[in-house]
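Trainee: Data: start13.pdb, PDB, C-alpha atoms and all ligand atoms.
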MODEL        1
ATOM      1  CA  MET P  10       0.000   0.000   0.000
ATOM      2  CA  GLN P  11       1.302   3.382  -0.957
ATOM      3  CA  PHE P  12       0.633   6.611   0.926
ATOM      4  CA  PRO P  13      -0.161   9.695  -1.135
ATOM      5  CA  PHE P  14       2.953  11.819  -1.619
ATOM      6  CA  TRP P  15       1.514  14.858   0.165
ATOM      7  CA  LEU P  16       0.754  12.848   3.286
ATOM      8  CA  SER P  17       4.408  11.995   3.843
ATOM      9  CA  VAL P  18       5.813  15.385   2.901
ATOM     10  CA  LEU P  19       3.306  17.978   4.047
ATOM     11  CA  PRO P  20       3.649  17.593   7.817
ATOM     12  CA  CYS P  21       7.435  18.014   7.593
ATOM     13  CA  CYS P  22       7.094  21.137   5.456
ATOM     14  CA  VAL P  23       4.552  22.642   7.816
ATOM     15  CA  LEU P  24       6.683  21.807  10.846
ATOM     16  CA  ALA P  25       9.849  23.254   9.277
ATOM     17  CA  ALA P  26       8.006  26.419   8.270
ATOM     18  CA  SER P  27       6.509  26.921  11.721
ATOM     19  CA  ILE P  28       9.867  26.416  13.472
ATOM     20  CA  ALA P  29      11.581  28.846  11.090
ATOM     21  CA  THR P  30       8.899  31.462  11.734
ATOM     22  CA  ALA P  31       8.945  30.886  15.486
ATOM     23  CA  ALA P  32      12.719  31.254  15.629
ATOM     24  CA  GLU P  33      12.511  34.652  13.920
ATOM     25  CA  GLU P  34       9.770  36.027  16.096
ATOM     26  CA  PRO P  35      10.768  38.291  18.983
ATOM     27  CA  LEU P  36       9.816  37.242  22.492
ATOM     28  CA  LYS P  37       6.902  39.295  23.727
ATOM     29  CA  LEU P  38       7.062  39.444  27.487
ATOM     30  CA  ASN P  39       4.732  41.146  29.946
ATOM     31  CA  LEU P  40       7.249  42.293  32.523
ATOM     32  CA  ARG P  41       5.812  42.986  35.964
ATOM     33  CA  SER P  42       7.675  45.249  38.346
ATOM     34  CA  ARG P  43       6.877  47.097  41.560
ATOM     35  CA  THR P  44       7.753  50.513  42.812
ATOM     36  CA  GLY P  45       7.194  52.242  46.105
ATOM     37  CA  THR P  46       5.614  55.697  46.252
ATOM     38  CA  ALA P  47       6.634  58.467  48.635
ATOM     39  CA  SER P  48       3.606  57.689  50.800
ATOM     40  CA  GLY P  49       4.779  54.102  51.097
ATOM     41  CA  GLU P  50       2.220  52.708  48.683
ATOM     42  CA  LYS P  51       3.374  49.947  46.430
ATOM     43  CA  GLN P  52       2.511  50.102  42.765
ATOM     44  CA  VAL P  53       2.506  47.227  40.332
ATOM     45  CA  ARG P  54       3.395  48.019  36.758
ATOM     46  CA  GLU P  55       3.298  45.736  33.742
ATOM     47  CA  THR P  56       5.309  46.647  30.663
ATOM     48  CA  ALA P  57       5.216  44.937  27.283
ATOM     49  CA  ALA P  58       8.782  44.114  26.253
ATOM     50  CA  THR P  59      10.155  42.731  23.015
ATOM     51  CA  TRP P  60      13.304  40.658  23.377
ATOM     52  CA  ASP P  61      15.415  39.253  20.567
ATOM     53  CA  PRO P  62      15.592  35.496  21.278
ATOM     54  CA  LYS P  63      19.109  35.360  19.826
ATOM     55  CA  ARG P  64      20.234  37.785  22.514
ATOM     56  CA  THR P  65      18.414  35.961  25.284
ATOM     57  CA  ALA P  66      19.466  33.146  27.611
ATOM     58  CA  LEU P  67      17.336  30.963  29.850
ATOM     59  CA  ILE P  68      19.251  29.912  32.967
ATOM     60  CA  ILE P  69      17.820  26.898  34.789
ATOM     61  CA  CYS P  70      18.746  27.122  38.454
ATOM     62  CA  ASP P  71      19.150  24.063  40.672
ATOM     63  CA  MET P  72      16.373  21.853  39.299
ATOM     64  CA  TRP P  73      18.018  18.903  41.029
ATOM     65  CA  ASP P  74      17.046  15.226  41.026
ATOM     66  CA  ASP P  75      16.368  15.207  44.770
ATOM     67  CA  HIS P  76      16.345  17.492  47.801
ATOM     68  CA  TRP P  77      16.882  17.030  51.531
ATOM     69  CA  CYS P  78      13.355  18.388  52.057
ATOM     70  CA  LYS P  79      10.841  15.835  50.793
ATOM     71  CA  SER P  80       8.239  18.509  50.016
ATOM     72  CA  ALA P  81      10.738  20.588  48.035
ATOM     73  CA  ALA P  82      11.770  17.479  46.060
ATOM     74  CA  ARG P  83       8.126  16.619  45.370
ATOM     75  CA  ARG P  84       7.393  20.110  44.076
ATOM     76  CA  VAL P  85      10.425  20.106  41.735
ATOM     77  CA  ALA P  86       9.328  16.724  40.346
ATOM     78  CA  GLU P  87       5.813  18.075  39.807
ATOM     79  CA  MET P  88       7.072  21.194  38.056
ATOM     80  CA  ALA P  89       9.703  19.421  35.936
ATOM     81  CA  GLY P  90       7.332  18.202  33.182
ATOM     82  CA  PRO P  91       5.753  21.589  32.412
ATOM     83  CA  PHE P  92       9.185  23.138  32.977
ATOM     84  CA  ASN P  93      10.696  20.944  30.248
ATOM     85  CA  ASP P  94       7.825  21.868  27.901
ATOM     86  CA  MET P  95       8.667  25.521  28.551
ATOM     87  CA  VAL P  96      12.387  24.924  27.891
ATOM     88  CA  LYS P  97      11.521  23.221  24.593
ATOM     89  CA  GLN P  98       9.533  26.287  23.536
ATOM     90  CA  ALA P  99      12.333  28.650  24.530
ATOM     91  CA  ARG P 100      14.899  26.578  22.628
ATOM     92  CA  ALA P 101      12.672  26.384  19.538
ATOM     93  CA  ARG P 102      12.325  30.165  19.630
ATOM     94  CA  GLY P 103      16.118  30.549  19.524
ATOM     95  CA  VAL P 104      16.820  31.191  23.205
ATOM     96  CA  PHE P 105      20.180  29.893  24.505
ATOM     97  CA  VAL P 106      19.596  27.361  27.299
ATOM     98  CA  ILE P 107      22.015  27.093  30.229
ATOM     99  CA  HIS P 108      21.465  24.295  32.733
ATOM    100  CA  ALA P 109      22.880  25.315  36.106
ATOM    101  CA  PRO P 110      22.567  22.437  38.583
ATOM    102  CA  SER P 111      24.819  23.908  41.258
ATOM    103  CA  SER P 112      27.567  21.791  42.811
ATOM    104  CA  VAL P 113      26.803  18.727  40.665
ATOM    105  CA  THR P 114      28.113  19.815  37.253
ATOM    106  CA  ALA P 115      30.818  17.133  37.615
ATOM    107  CA  PHE P 116      28.060  14.632  36.830
ATOM    108  CA  TYR P 117      28.164  16.054  33.289
ATOM    109  CA  LYS P 118      31.949  15.922  32.937
ATOM    110  CA  ASP P 119      33.010  15.467  29.299
ATOM    111  CA  THR P 120      29.522  16.016  27.888
ATOM    112  CA  PRO P 121      29.413  18.433  24.925
ATOM    113  CA  GLN P 122      27.200  20.788  26.954
ATOM    114  CA  ARG P 123      29.659  20.954  29.864
ATOM    115  CA  ARG P 124      32.584  21.342  27.463
ATOM    116  CA  LEU P 125      30.782  24.160  25.658
ATOM    117  CA  ALA P 126      30.792  26.125  28.899
ATOM    118  CA  GLN P 127      34.362  25.247  29.849
ATOM    119  CA  SER P 128      35.762  26.066  26.414
ATOM    120  CA  ALA P 129      33.981  29.404  25.929
ATOM    121  CA  PRO P 130      36.696  32.060  25.475
ATOM    122  CA  PHE P 131      37.387  34.208  28.545
ATOM    123  CA  VAL P 132      35.703  37.610  28.575
ATOM    124  CA  LYS P 133      36.391  40.050  31.391
ATOM    125  CA  THR P 134      33.270  40.957  33.330
ATOM    126  CA  PRO P 135      32.177  44.614  33.517
ATOM    127  CA  ALA P 136      31.820  44.292  37.298
ATOM    128  CA  PRO P 137      33.465  41.999  39.816
ATOM    129  CA  LEU P 138      32.041  38.512  40.178
ATOM    130  CA  SER P 139      31.056  37.290  43.608
ATOM    131  CA  THR P 140      33.800  35.419  45.428
ATOM    132  CA  ALA P 141      32.098  34.584  48.732
ATOM    133  CA  PRO P 142      31.761  30.812  48.906
ATOM    134  CA  ARG P 143      28.461  29.222  49.912
ATOM    135  CA  TRP P 144      26.998  25.795  49.192
ATOM    136  CA  GLY P 145      29.546  24.821  46.554
ATOM    137  CA  THR P 146      29.663  27.980  44.425
ATOM    138  CA  ALA P 147      30.383  31.681  44.897
ATOM    139  CA  TRP P 148      27.451  33.618  46.341
ATOM    140  CA  CYS P 149      25.840  37.047  46.112
ATOM    141  CA  TRP P 150      24.429  37.722  49.569
ATOM    142  CA  THR P 151      21.451  39.917  50.384
ATOM    143  CA  ASP P 152      22.460  43.443  49.424
ATOM    144  CA  PRO P 153      21.257  46.111  51.892
ATOM    145  CA  LYS P 154      22.063  48.829  49.327
ATOM    146  CA  LYS P 155      19.576  47.282  46.884
ATOM    147  CA  GLU P 156      16.957  45.452  48.900
ATOM    148  CA  ALA P 157      15.006  45.193  52.114
ATOM    149  CA  VAL P 158      15.200  42.043  54.243
ATOM    150  CA  LEU P 159      13.459  39.084  52.635
ATOM    151  CA  PRO P 160       9.714  38.992  53.369
ATOM    152  CA  ILE P 161       9.864  35.391  54.643
ATOM    153  CA  ASP P 162      11.911  33.961  57.493
ATOM    154  CA  ASP P 163      13.976  31.121  56.024
ATOM    155  CA  SER P 164      16.472  30.973  58.893
ATOM    156  CA  ASP P 165      15.327  27.407  59.614
ATOM    157  CA  MET P 166      16.198  26.571  55.943
ATOM    158  CA  GLY P 167      12.525  26.335  55.059
ATOM    159  CA  CYS P 168      11.428  22.704  55.243
ATOM    160  CA  SER P 169       7.695  23.038  54.593
ATOM    161  CA  CYS P 170       6.782  19.492  55.626
ATOM    162  CA  THR P 171       4.159  19.123  58.315
ATOM    163  CA  GLY P 172       5.038  17.139  61.408
ATOM    164  CA  THR P 173       8.611  15.835  61.442
ATOM    165  CA  LYS P 174      11.002  18.203  59.724
ATOM    166  CA  CYS P 175      13.483  16.897  57.162
ATOM    167  CA  ALA P 176      17.136  16.586  58.150
ATOM    168  CA  ILE P 177      19.604  18.485  55.966
ATOM    169  CA  ARG P 178      21.751  16.058  53.935
ATOM    170  CA  GLU P 179      23.537  15.948  50.604
ATOM    171  CA  ALA P 180      20.616  14.816  48.491
ATOM    172  CA  TRP P 181      21.201  15.921  44.922
ATOM    173  CA  THR P 182      23.473  14.309  42.341
ATOM    174  CA  ARG P 183      22.428  15.876  39.009
ATOM    175  CA  GLN P 184      19.671  17.880  37.313
ATOM    176  CA  ILE P 185      16.316  16.097  37.314
ATOM    177  CA  ALA P 186      16.243  13.842  34.238
ATOM    178  CA  THR P 187      12.819  15.138  33.151
ATOM    179  CA  ILE P 188      14.485  18.298  31.848
ATOM    180  CA  GLU P 189      16.177  17.395  28.578
ATOM    181  CA  ILE P 190      19.689  18.618  27.867
ATOM    182  CA  LEU P 191      20.105  18.913  24.110
ATOM    183  CA  PRO P 192      22.863  19.789  21.612
ATOM    184  CA  GLY P 193      23.569  23.513  21.701
ATOM    185  CA  ASP P 194      22.692  23.846  25.412
ATOM    186  CA  ALA P 195      25.387  24.543  28.001
ATOM    187  CA  ILE P 196      25.942  23.308  31.562
ATOM    188  CA  THR P 197      27.659  25.430  34.197
ATOM    189  CA  ASP P 198      27.249  26.674  37.765
ATOM    190  CA  ASP P 199      30.165  29.107  37.482
ATOM    191  CA  GLY P 200      29.840  32.872  37.211
ATOM    192  CA  GLN P 201      32.797  33.406  34.868
ATOM    193  CA  GLU P 202      31.817  30.530  32.558
ATOM    194  CA  THR P 203      28.278  31.905  32.414
ATOM    195  CA  TRP P 204      29.588  35.346  31.509
ATOM    196  CA  ASN P 205      31.900  33.886  28.839
ATOM    197  CA  LEU P 206      28.926  32.075  27.256
ATOM    198  CA  LEU P 207      26.679  35.143  27.345
ATOM    199  CA  ALA P 208      29.257  37.704  26.193
ATOM    200  CA  GLY P 209      30.504  35.438  23.412
ATOM    201  CA  ARG P 210      26.985  35.299  21.971
ATOM    202  CA  GLY P 211      26.127  38.975  22.446
ATOM    203  CA  ILE P 212      23.452  37.964  24.945
ATOM    204  CA  THR P 213      22.116  40.858  27.008
ATOM    205  CA  ASN P 214      18.802  39.379  28.200
ATOM    206  CA  VAL P 215      18.714  36.741  30.911
ATOM    207  CA  ILE P 216      15.672  34.780  32.067
ATOM    208  CA  LEU P 217      15.989  32.979  35.408
ATOM    209  CA  ALA P 218      13.797  29.992  36.250
ATOM    210  CA  GLY P 219      14.136  27.182  38.778
ATOM    211  CA  VAL P 220      14.563  26.919  42.539
ATOM    212  CA  HIS P 221      14.732  28.212  45.208
ATOM    213  CA  LEU P 222      13.889  31.842  44.763
ATOM    214  CA  ASN P 223      14.743  33.094  48.266
ATOM    215  CA  MET P 224      18.135  31.391  48.091
ATOM    216  CA  CYS P 225      19.852  30.172  44.916
ATOM    217  CA  VAL P 226      17.798  31.946  42.215
ATOM    218  CA  LEU P 227      18.871  35.208  43.838
ATOM    219  CA  GLY P 228      22.283  34.298  45.206
ATOM    220  CA  ARG P 229      24.131  31.914  42.884
ATOM    221  CA  PRO P 230      26.954  33.377  40.742
ATOM    222  CA  PHE P 231      24.918  32.906  37.540
ATOM    223  CA  ALA P 232      21.648  34.093  39.071
ATOM    224  CA  ILE P 233      19.625  37.259  39.572
ATOM    225  CA  ARG P 234      21.816  39.440  41.804
ATOM    226  CA  GLN P 235      24.999  38.689  39.855
ATOM    227  CA  GLN P 236      23.348  39.195  36.456
ATOM    228  CA  VAL P 237      21.924  42.545  37.574
ATOM    229  CA  TYR P 238      25.388  43.610  38.821
ATOM    230  CA  LEU P 239      26.747  42.698  35.379
ATOM    231  CA  GLY P 240      24.231  45.006  33.701
ATOM    232  CA  GLN P 241      22.082  42.358  32.012
ATOM    233  CA  ASN P 242      18.358  42.775  31.372
ATOM    234  CA  VAL P 243      17.115  40.193  33.824
ATOM    235  CA  ALA P 244      13.645  38.715  34.235
ATOM    236  CA  LEU P 245      12.321  36.049  36.579
ATOM    237  CA  MET P 246       9.871  33.461  35.279
ATOM    238  CA  ARG P 247       7.611  33.686  38.291
ATOM    239  CA  ASP P 248       5.501  30.540  37.875
ATOM    240  CA  MET P 249       8.493  28.252  37.257
ATOM    241  CA  THR P 250      10.036  28.724  40.673
ATOM    242  CA  ASP P 251       9.521  27.803  44.323
ATOM    243  CA  THR P 252      10.879  28.828  47.702
ATOM    244  CA  MET P 253      12.266  27.135  50.781
ATOM    245  CA  TYR P 254       9.692  28.480  53.205
ATOM    246  CA  ASN P 255       8.174  26.868  56.262
ATOM    247  CA  PRO P 256       4.690  28.341  56.854
ATOM    248  CA  GLU P 257       5.231  27.953  60.604
ATOM    249  CA  ARG P 258       7.773  30.803  60.413
ATOM    250  CA  PRO P 259       7.049  34.522  59.898
ATOM    251  CA  PRO P 260       5.051  35.936  58.309
ATOM    252  CA  GLY P 261       2.959  32.799  58.894
ATOM    253  CA  VAL P 262       1.338  32.602  55.464
ATOM    254  CA  ASP P 263       0.881  29.434  53.418
ATOM    255  CA  HIS P 264       3.878  28.184  51.441
ATOM    256  CA  PHE P 265       2.719  29.504  48.075
ATOM    257  CA  THR P 266       1.808  32.939  49.414
ATOM    258  CA  GLY P 267       5.335  32.935  50.854
ATOM    259  CA  THR P 268       6.692  32.317  47.351
ATOM    260  CA  ASP P 269       4.545  35.140  45.961
ATOM    261  CA  LEU P 270       5.945  37.488  48.622
ATOM    262  CA  VAL P 271       9.483  36.700  47.453
ATOM    263  CA  VAL P 272       8.450  37.193  43.809
ATOM    264  CA  ALA P 273       7.126  40.634  44.803
ATOM    265  CA  HIS P 274      10.418  41.331  46.629
ATOM    266  CA  VAL P 275      12.350  40.498  43.451
ATOM    267  CA  GLU P 276      10.015  42.645  41.329
ATOM    268  CA  ARG P 277      10.504  45.554  43.694
ATOM    269  CA  HIS P 278      14.260  45.373  44.257
ATOM    270  CA  TRP P 279      15.927  43.364  41.490
ATOM    271  CA  CYS P 280      14.175  42.654  38.216
ATOM    272  CA  PRO P 281      10.743  42.250  36.662
ATOM    273  CA  SER P 282       8.964  38.930  36.361
ATOM    274  CA  PHE P 283       6.753  37.310  33.734
ATOM    275  CA  ALA P 284       4.689  34.139  33.480
ATOM    276  CA  SER P 285       5.740  31.205  31.293
ATOM    277  CA  THR P 286       2.502  31.830  29.375
ATOM    278  CA  ASP P 287       4.400  34.495  27.428
ATOM    279  CA  LEU P 288       6.609  31.741  25.994
ATOM    280  CA  THR P 289       4.259  28.768  25.876
ATOM    281  CA  GLY P 290       0.813  30.261  25.344
ATOM    282  CA  ARG P 291      -0.399  27.942  28.103
ATOM    283  CA  PRO P 292      -1.770  28.859  31.536
ATOM    284  CA  ALA P 293       0.881  29.616  34.152
ATOM    285  CA  PHE P 294       2.143  26.613  36.119
ATOM    286  CA  ARG P 295       0.512  26.083  39.487
ATOM    287  CA  PHE P 296       1.368  23.485  42.141
ATOM    288  CA  ARG P 297      -1.369  20.977  43.004
ATOM    289  CA  GLU P 298      -1.059  21.838  46.692
ATOM    290  CA  ASP P 299      -1.699  25.521  45.956
ATOM    291  CA  THR P 300      -5.377  25.625  46.827
ATOM    292  CA  ARG P 301      -5.730  29.397  46.868
ATOM    293  CA  PRO P 302      -8.305  30.946  44.533
ATOM    294  CA  PRO P 303      -6.851  31.479  41.029
ATOM    295  CA  GLY P 304      -5.814  34.882  39.776
ATOM    296  CA  ARG P 305      -2.407  35.686  41.142
TER     297      ARG P 305
HETATM  298 ZN    ZN P 401      10.757  18.816  54.406
ENDMDL
END
For the structure just supplied, provide its representation as structure tokens.
Ligand SMILES: [Zn+2]

Mentor:
Amino acid sequence: MQFPFWLSVLPCCVLAASIATAAEEPLKLNLRSRTGTASGEKQVRETAATWDPKRTALIICDMWDDHWCKSAARRVAEMAGPFNDMVKQARARGVFVIHAPSSVTAFYKDTPQRRLAQSAPFVKTPAPLSTAPRWGTAWCWTDPKKEAVLPIDDSDMGCSCTGTKCAIREAWTRQIATIEILPGDAITDDGQETWNLLAGRGITNVILAGVHLNMCVLGRPFAIRQQVYLGQNVALMRDMTDTMYNPERPPGVDHFTGTDLVVAHVERHWCPSFASTDLTGRPAFRFREDTRPPGR
């Protein structure tokens, strides 16, 4: 039995055409930021931005395969599927994808993606990189010149489990396998390597996604504070993140409201945020355990 010619050829042509068009289209992002007025009122502002995908990187922060907090690990596993769908869209649009599973990049030793980062030619940074060590990489601490204290108390490290709290242990070994690492992507958790990759490609726009917003997504040497110090246009993908926050600690809100408070902190002091909808056309990701009314 022979298939008609058009049946075998047409879908490929259509697919190729749609990918080519998608790759040329600018990213249209609704960037949400917050300002404070003289009277202390906070204002939310949303601005339509157009970013050239070829000058944009998506940095995936610490989406590890496991976590010492069982609840945190469960939430990453739940988010990883939609997260990978989002990464696929970003990649197809021409965005450069950097996987940054901190302290476990050795797992990817000798892979083309790890080598791509290690072999990127050195480019001097326009501002000093962080050198303070914390949790296996350099760290950008809370900056009193730029930000207020964090709106959630994570001094207990933020295990959100009810009942018995999780003991801190070395739990992660690699990035969660659900998130595909493809040819052309890079793997690094190093500030200088990240800068070499970005500068070498003329990338001036950086999207941060992953976990945990009150810690690594702000503090790692490839993450929000460092990228802002380096003068990049930075944006947080606010539905593809999570926090380490124990609702039993101040301000005593539920876990997901705690995350939203940190998103608002970032929008006020560091960079705007947008929802993955702007890339995927799908509703923003929401955790199953987030039982609050929709509409955040
Ligand atoms: Zn826990």

Trainee: Would you name the residues within 10 Å of ligand ZN 401 (chain P), counting only C-alpha atoms and all ligand atoms, and put them as a list in words?

Mentor: His76, Trp77, Cys78, Lys79, Ser80, Ala81, Ala82, Arg83, Met166, Gly167, Cys168, Ser169, Cys170, Thr171, Gly172, Thr173, Lys174, Cys175, Ala176, Ile177, Met253, Tyr254 and Asn255 of chain P

Trainee: Kindly give the distance, in Å, that separates CA of Gly200 in chain P and CA of Pro281 in chain P, rounded to a single decimal.

Mentor: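 For CA of Gly200 in chain P relative to CA of Pro281 in chain P, the distance reads 21.3 Å.
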
Trainee: Any idea what's packed within 10 Å of Asp299 in chain P, counting all atoms listed in the file, ignoring anything in its chain fewer than 2 positions away? Could you give it as a count of residues only?

Mentor: 10

Trainee: Find the residues around Arg100 in chain P up to 12 Å (all atoms listed in the file counted), leave out those fewer than 6 positions away in its own chain, and share them as a list in words.

Mentor: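 What passes the distance filter is Ile28, Ala31, Ala32, Leu36, Pro62, Lys63, Thr65, Ala66, Leu67, Ile68, Asn93, Asp94, Val106, Ile107, Glu189, Ile190, Leu191, Pro192, Gly193, Asp194, Ala195, Leu288 and Thr289 of chain P.
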
Trainee: Need the shell around Lys155 in chain P: protein/DNA/RNA residues with any atom at most 10 Å away, counting only C-alpha atoms. Skip same-chain ones fewer than 6 positions apart. Format as a count of residues only?

Mentor: 4

Trainee: Here's the selection I'm unsure about, the PyMOL selection byres (((chain P and resi 238-251) around 7) and not hetatm); applied to the file above, which residues does it give, as an NGL selection string?

Mentor: :P and (92 or 135-136 or 213-222 or 233-237 or 252 or 268 or 272 or 280-285 or 293-295)

Trainee: So how far away is CA of Glu276 in chain P from CA of Ala126 in chain P, in Å?

Mentor: 29.3 Å

Trainee: Kindly indicate which residue among P:Met95, P:Thr286, P:Ser111, P:Phe131 lies nearest to Ala208 in chain P, using only C-alpha atoms for the distances.

Mentor: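 Smallest distance to Ala208 in chain P is found for P:Phe131.
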